[in-house]
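Structure first, then comments.
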Amino acid sequence: MKSLIRIFAVMRKEFLQLSRDRLTFGMIVGIPLIQLLMFGYAINTDVRNLSAAYVDESDTHLSRQFIADITASQVIVMKQRVASAFELEQLLNAGSISIGIAIPEDFDRRVLARDRQAAQLLVDGTDPIIVGVAQQLAAMPVRFDSQAKPPQNAAILEVRNYYNPERRSAVNIVPGLVGVILTMTMVLFTAVAIVREKERGNLELLINTPIKTPELMLGKISPYILIGLIQLSLILGLGWYFFQVPIRGSLIHVLAAALVFIAANLSLGLLISTVAATQFQAMQMTFFFFLPSILISGFMFPFDGMPAAAQNVAEFLPLTHFNRLIRGIILRGADITSMLDELLALAIFTVVALTLAILRFSKRLD
Amino acid sequence: MKQIAITANGLTMRFGSLVAVDSVDLEIEKGSIYGFLGPNGSGKSTTIRMLCGLLRPSSGSATVIGMDTKKESELLKQKIGYMTQRFSLYEDLSVKENLQFISEIYAVPRKERKQRVAQLLESFSLTDRAKQRSGTLSGGQKQRLALAAATLHKPEILFLDEPTSAVDPQNRRDFWEVLFELAEQGTTILVSTHYMDEAARCHRLAILDEGVKVADGSPRQLGESISSHVVEIEADDLNSARLCLMKNQEISSITQLGIKLRIMIPKTVSDPLQLVNSTLRGENIEVKAEQVFPDLEDIFVSVTQQRRKEIGA
């Protein structure tokens, strides 16, 4: 009973302080909003409109048809036609185009003979994504007749895109963003909230009262659970509104996954707060953890494409497990019970971090 | 039979190679105001923190109202109040919110909570500031709020760590009025300070220097026990009098206080007035000399000097 009074006292105090701290309050709403719009519009792996130029030394019906076909794909935008391959190289070097197409004099003969490549694609290889696009272009068939006849070298495999047929990046990014934003704000807010009390001397007063460590910690982190849920709704709501990201799974499952994930991050924040002496240190430690979370959790790059060592490290990051959960539930409409091992991983992380935090937090000053 | 509220035996605190508190023994009567007098870094705060159970002594032990500070520190926290050197309530909460928060932390029963907060606001003259953010209070108001918070749960013992360092003289006087009232009601108060006038108000005090308790007793006892006479002189030309007296090896210290010089002479000299007069007459300096009762500053200087001499020897 007394415990409850104390936990609620700390919670109430935390809410009062939050409502008066305009910066933090702004960050609660601002971070999801800005990041969602930024990532949603900017991260686009579905490349279109790359600048290109070409040189056509054969200038036949076939070569003109080929250029027209490539342009029609919308992957590239033909900026200009130049007179020689050398000029293409210059443009590429100056950065004014990413892709150059050089059609030699004997293009028609080469296409017919099929003894070597008919034309050359010059690519700015500094960006691997552009190289990938170039490879797609290279696979494009040259048609002799633009009428309905199927291309001779039609692909053997037909690709069927599940869950995201329009290949919109936002569909993949937005659910991932839920995890990224929650990682950042939850860890940072809790870590800073306790270290701030240390810095301002409030803790010296608190540890001299009968309040117990778990009571203090519970009271401190509970308000942030609510804030985490507000952010979750904000991101999913805005993602649906701006980017038409569907929620195919059950909202209850989304909520359950998010709650376990929030708990994991709050525990980590608490642990950081017991190590850091100043708010600045707490921030540094948060970012030490945040960066790998973004890079190797599968948010940025496909998890399976990473080297085994990175995958092993990633398994210790809560965001890795949450990404699988949230993408599964939101995009594939998966049932949470089919991913219980991910939930379990998050729960273990929470228990370990929380135990360490409570053990490390001392009600003495030495 | 007087009741003892706090006892300490050989209380010692080491931080690495530094000995912050060196085997301090204490015996503090219930309902008294006990002062720790000492310069910055003399171990006052560290001693208080050990007595509260916030620091675990390197060696030695302390008993506060019958409880061992090492083993029963959590239980003890219900019974003691602690006012930190720095204002440690929440600056972004109002005066009333701070007190409410503290009352909930001490789990004061719901019905009594409101009444207790109102009563404290009233008796510490903070009622008209109840809704003000505590960060915007003046030094004196902040200190009253801190004391109100420290006494909210009616502790038997109150530890005050340099409570008046940011307060003007009038507020300091009012503050002491409150302390005396609390002591009369039976609260034992342990207060650390480096103000002499404040130390003089304590029933008893201990002088700490570099972690060592160099003297203790009531201000009167301390004055009688020191090993120096104090002579005050007035002269037209204080500077030459000072220069002249400095040549005499028997005089241990000379301090200027406005238009007076305060001279300390070891008690081994039987007639201090005569010593001063004869020294000055040698250089034809006319002064008015008078022997006075040592004040706390004299006591402080005397006991610390004596200790340094002992260590040096």
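Each chain of the structure tokens is named A, B, ... in the order shown, its residues numbered from 1; ligands are numbered from 1 in display order.
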Please identify every residue of chain B that has at least one atom no farther than 8 Å from an atom of chain A, counting only C-alpha atoms, and for each give the shortest atom pair and the distance in Å to one decimal, arranged by chain then increasing number, as JSON lines.
{"residue": "B:Cys52", "atom": "CA", "partner": "A:Asn208", "partner_atom": "CA", "distance": 7.6}
{"residue": "B:Gly53", "atom": "CA", "partner": "A:Arg364", "partner_atom": "CA", "distance": 7.3}
{"residue": "B:Leu54", "atom": "CA", "partner": "A:Arg364", "partner_atom": "CA", "distance": 4.5}
{"residue": "B:Leu55", "atom": "CA", "partner": "A:Leu365", "partner_atom": "CA", "distance": 5.7}
{"residue": "B:Arg56", "atom": "CA", "partner": "A:Asp366", "partner_atom": "CA", "distance": 7.3}
{"residue": "B:Glu74", "atom": "CA", "partner": "A:Pro210", "partner_atom": "CA", "distance": 6.4}
{"residue": "B:Leu75", "atom": "CA", "partner": "A:Pro210", "partner_atom": "CA", "distance": 7.6}
{"residue": "B:Lys77", "atom": "CA", "partner": "A:Thr209", "partner_atom": "CA", "distance": 5.6}
{"residue": "B:Gln78", "atom": "CA", "partner": "A:Pro210", "partner_atom": "CA", "distance": 5.9}
{"residue": "B:Gly81", "atom": "CA", "partner": "A:Asn208", "partner_atom": "CA", "distance": 7.9}
{"residue": "B:Tyr82", "atom": "CA", "partner": "A:Asn208", "partner_atom": "CA", "distance": 7.0}
{"residue": "B:Met83", "atom": "CA", "partner": "A:Leu205", "partner_atom": "CA", "distance": 7.6}
{"residue": "B:Thr84", "atom": "CA", "partner": "A:Leu205", "partner_atom": "CA", "distance": 7.0}
{"residue": "B:Arg86", "atom": "CA", "partner": "A:Gly201", "partner_atom": "CA", "distance": 7.1}
{"residue": "B:Phe87", "atom": "CA", "partner": "A:Gly201", "partner_atom": "CA", "distance": 7.4}
{"residue": "B:Ser88", "atom": "CA", "partner": "A:Asn202", "partner_atom": "CA", "distance": 4.6}
{"residue": "B:Leu89", "atom": "CA", "partner": "A:Asn202", "partner_atom": "CA", "distance": 5.8}
{"residue": "B:Tyr90", "atom": "CA", "partner": "A:Asn202", "partner_atom": "CA", "distance": 6.8}
{"residue": "B:Asp92", "atom": "CA", "partner": "A:Gln17", "partner_atom": "CA", "distance": 6.4}
{"residue": "B:Leu93", "atom": "CA", "partner": "A:Gln17", "partner_atom": "CA", "distance": 6.9}
{"residue": "B:Phe101", "atom": "CA", "partner": "A:Ala9", "partner_atom": "CA", "distance": 5.9}
{"residue": "B:Glu104", "atom": "CA", "partner": "A:Ala9", "partner_atom": "CA", "distance": 5.8}
{"residue": "B:Ile105", "atom": "CA", "partner": "A:Arg6", "partner_atom": "CA", "distance": 4.9}
{"residue": "B:Tyr106", "atom": "CA", "partner": "A:Pro210", "partner_atom": "CA", "distance": 6.5}
{"residue": "B:Ala107", "atom": "CA", "partner": "A:Lys2", "partner_atom": "CA", "distance": 5.7}
For region 195-198 of chain B, find every residue with an atom within 8 Å (counting only C-alpha atoms), except residues of its own chain fewer than 2 positions away, and show them as a PyMOL selection string. chain B and resi 37+193+200-202+296-297
Rounded to one decimal place, report the CA of Gly249 (chain A)-CA of Glu315 (chain A) distance in Å.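 These atoms are spaced 24.0 Å apart.
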Using only C-alpha atoms, find the one residue out of B:Ser225, B:Gln3, B:Ser45, B:Thr151 that sits nearest to Ser32 (chain B).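 Among B:Ser225, B:Gln3, B:Ser45, B:Thr151, it is B:Gln3 that comes nearest to Ser32 (chain B).
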Within 7 Å of region 117-132 of chain B, counting only C-alpha atoms, which residues show up once you throw out same-chain ones fewer than 3 positions away? Write them as a ChimeraX atom specification, please. /B:94-96,99-100,113-114,144,148
Suppose we keep C-alpha atoms; can you now write the selection as a PDB file, in the first residue's frame?
ATOM      1  CA  SER B  94       5.539  24.569  -7.096  1.00  0.00           C
ATOM      2  CA  VAL B  95       6.112  24.922  -3.366  1.00  0.00           C
ATOM      3  CA  LYS B  96       2.933  23.051  -2.582  1.00  0.00           C
ATOM      4  CA  LEU B  99       5.578  19.294  -0.172  1.00  0.00           C
ATOM      5  CA  GLN B 100       2.777  17.065  -1.441  1.00  0.00           C
ATOM      6  CA  ARG B 113      -1.530  14.798   4.015  1.00  0.00           C
ATOM      7  CA  LYS B 114      -3.436  17.914   3.003  1.00  0.00           C
ATOM      8  CA  ARG B 144      12.443  27.521   4.490  1.00  0.00           C
ATOM      9  CA  ALA B 148       9.646  22.331   5.807  1.00  0.00           C
TER      10      ALA B 148
END
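What separates CA of Val24 (chain B) from CA of Asp295 (chain B) is a distance of 23.9 Å.
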Which of region 128-285 of chain B fall in strand (DSSP E), as number ranges by chain: B: 157-161, 188-193, 204-209, 212-217, 228-235, 253-257, 260-266
To one decimal in Å, tell me the separation between CA of Pro109 (chain B) and CA of Ile80 (chain B).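 Separation of CA of Pro109 (chain B) and CA of Ile80 (chain B): 18.2 Å.
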Residue neighbourhood region 338-353 of chain A, 7 Å, only C-alpha atoms, exclusion window fewer than 5 positions, as a list in words: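 That gives Val260, Phe261, Ala263, Ala264, Ser267, Leu268, Leu271, Pro318, His321 and Leu325 of chain A.
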What does the file look like for those residues with N, CA and C atoms, as a PDB file, in the first residue's frame?
ATOM      1  N   VAL A 260       6.063  -4.777 -25.046  1.00  0.00           N
ATOM      2  CA  VAL A 260       7.245  -5.542 -24.642  1.00  0.00           C
ATOM      3  C   VAL A 260       8.509  -4.817 -25.095  1.00  0.00           C
ATOM      4  N   PHE A 261       8.454  -4.256 -26.299  1.00  0.00           N
ATOM      5  CA  PHE A 261       9.617  -3.549 -26.838  1.00  0.00           C
ATOM      6  C   PHE A 261       9.905  -2.279 -26.029  1.00  0.00           C
ATOM      7  N   ALA A 263       9.184  -1.793 -22.924  1.00  0.00           N
ATOM      8  CA  ALA A 263       9.742  -2.227 -21.635  1.00  0.00           C
ATOM      9  C   ALA A 263      11.237  -2.505 -21.773  1.00  0.00           C
ATOM     10  N   ALA A 264      11.626  -3.150 -22.873  1.00  0.00           N
ATOM     11  CA  ALA A 264      13.045  -3.463 -23.083  1.00  0.00           C
ATOM     12  C   ALA A 264      13.864  -2.185 -23.153  1.00  0.00           C
ATOM     13  N   SER A 267      14.127  -0.321 -19.752  1.00  0.00           N
ATOM     14  CA  SER A 267      15.079  -0.964 -18.853  1.00  0.00           C
ATOM     15  C   SER A 267      16.502  -0.591 -19.242  1.00  0.00           C
ATOM     16  N   LEU A 268      16.742  -0.559 -20.548  1.00  0.00           N
ATOM     17  CA  LEU A 268      18.069  -0.184 -20.999  1.00  0.00           C
ATOM     18  C   LEU A 268      18.378   1.264 -20.584  1.00  0.00           C
ATOM     19  N   LEU A 271      19.333   1.326 -17.030  1.00  0.00           N
ATOM     20  CA  LEU A 271      20.681   0.799 -16.837  1.00  0.00           C
ATOM     21  C   LEU A 271      21.712   1.874 -17.180  1.00  0.00           C
ATOM     22  N   PRO A 318      17.308  -5.146 -29.173  1.00  0.00           N
ATOM     23  CA  PRO A 318      15.849  -5.294 -29.151  1.00  0.00           C
ATOM     24  C   PRO A 318      15.205  -4.909 -30.482  1.00  0.00           C
ATOM     25  N   HIS A 321      14.556  -7.702 -33.073  1.00  0.00           N
ATOM     26  CA  HIS A 321      13.399  -8.567 -32.825  1.00  0.00           C
ATOM     27  C   HIS A 321      12.095  -7.821 -33.069  1.00  0.00           C
ATOM     28  N   LEU A 325       8.881  -8.506 -35.589  1.00  0.00           N
ATOM     29  CA  LEU A 325       7.518  -8.570 -35.066  1.00  0.00           C
ATOM     30  C   LEU A 325       6.604  -7.594 -35.785  1.00  0.00           C
TER      31      LEU A 325
END
With a distance cut-off of 7 Å and only C-alpha atoms, select the neighbouring residues of region 7-12 of chain B, excluding the residue or stretch itself and same-chain residues fewer than 6 positions from it, and output the selection as an MDAnalysis selection string. chainID B and resid 21:28 57:64
Name the residues of region 145-210 of chain B that fall into alpha helix (DSSP H) according to DSSP on the backbone, using the chain letters and numbers of this document, as a PyMOL selection string. chain B and resi 145-151+169-184+196-200
Atoms to include: C-alpha atoms. Write the selected residues as a short mmCIF file (atom, residue, chain, number, x, y, z; two decimals), in the first residue's frame.
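Result went into part25.cif, see below:
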data_model
loop_
_atom_site.label_atom_id
_atom_site.label_comp_id
_atom_site.auth_asym_id
_atom_site.auth_seq_id
_atom_site.Cartn_x
_atom_site.Cartn_y
_atom_site.Cartn_z
CA LEU B 145 10.87 25.19 1.95
CA ALA B 146 13.76 22.74 2.30
CA LEU B 147 13.41 22.77 6.08
CA ALA B 148 9.65 22.33 5.81
CA ALA B 149 10.23 19.29 3.59
CA ALA B 150 12.85 17.87 5.94
CA THR B 151 10.52 18.17 8.95
CA PRO B 169 21.42 37.63 8.13
CA GLN B 170 17.74 38.39 8.85
CA ASN B 171 16.62 35.14 7.29
CA ARG B 172 19.37 33.31 9.11
CA ARG B 173 18.09 34.69 12.39
CA ASP B 174 14.51 33.63 11.61
CA PHE B 175 15.78 30.23 10.60
CA TRP B 176 17.44 29.74 13.96
CA GLU B 177 14.24 30.73 15.72
CA VAL B 178 12.58 27.78 14.01
CA LEU B 179 15.44 25.46 14.96
CA PHE B 180 15.14 26.40 18.63
CA GLU B 181 11.40 25.76 18.52
CA LEU B 182 11.99 22.33 17.01
CA ALA B 183 14.64 21.53 19.62
CA GLU B 184 12.24 22.53 22.39
CA MET B 196 31.13 31.52 13.81
CA ASP B 197 28.00 33.40 14.87
CA GLU B 198 25.89 30.44 13.90
CA ALA B 199 28.08 27.97 15.74
CA ALA B 200 27.82 30.18 18.84
#
Contacts of Phe15 (chain A) at 8 Å or less, counting only C-alpha atoms, minus same-chain residues fewer than 4 places along, as a list of chain:residue names? A:Met11, A:Ser19, A:Pro223
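Distances from A:Thr190, A:Thr126, A:Ser73, A:Asn312 to Ile227 (chain A) were compared using only C-alpha atoms, and the smallest one belongs to A:Thr190.
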If we count only C-alpha atoms, what is near Ser192 (chain B) at a cut-off of 10 Å, once residues fewer than 6 positions away on the same chain are taken out, given as a PyMOL selection string? chain B and resi 34-38+43-45+47-48+85+159-164+198-199+205-207
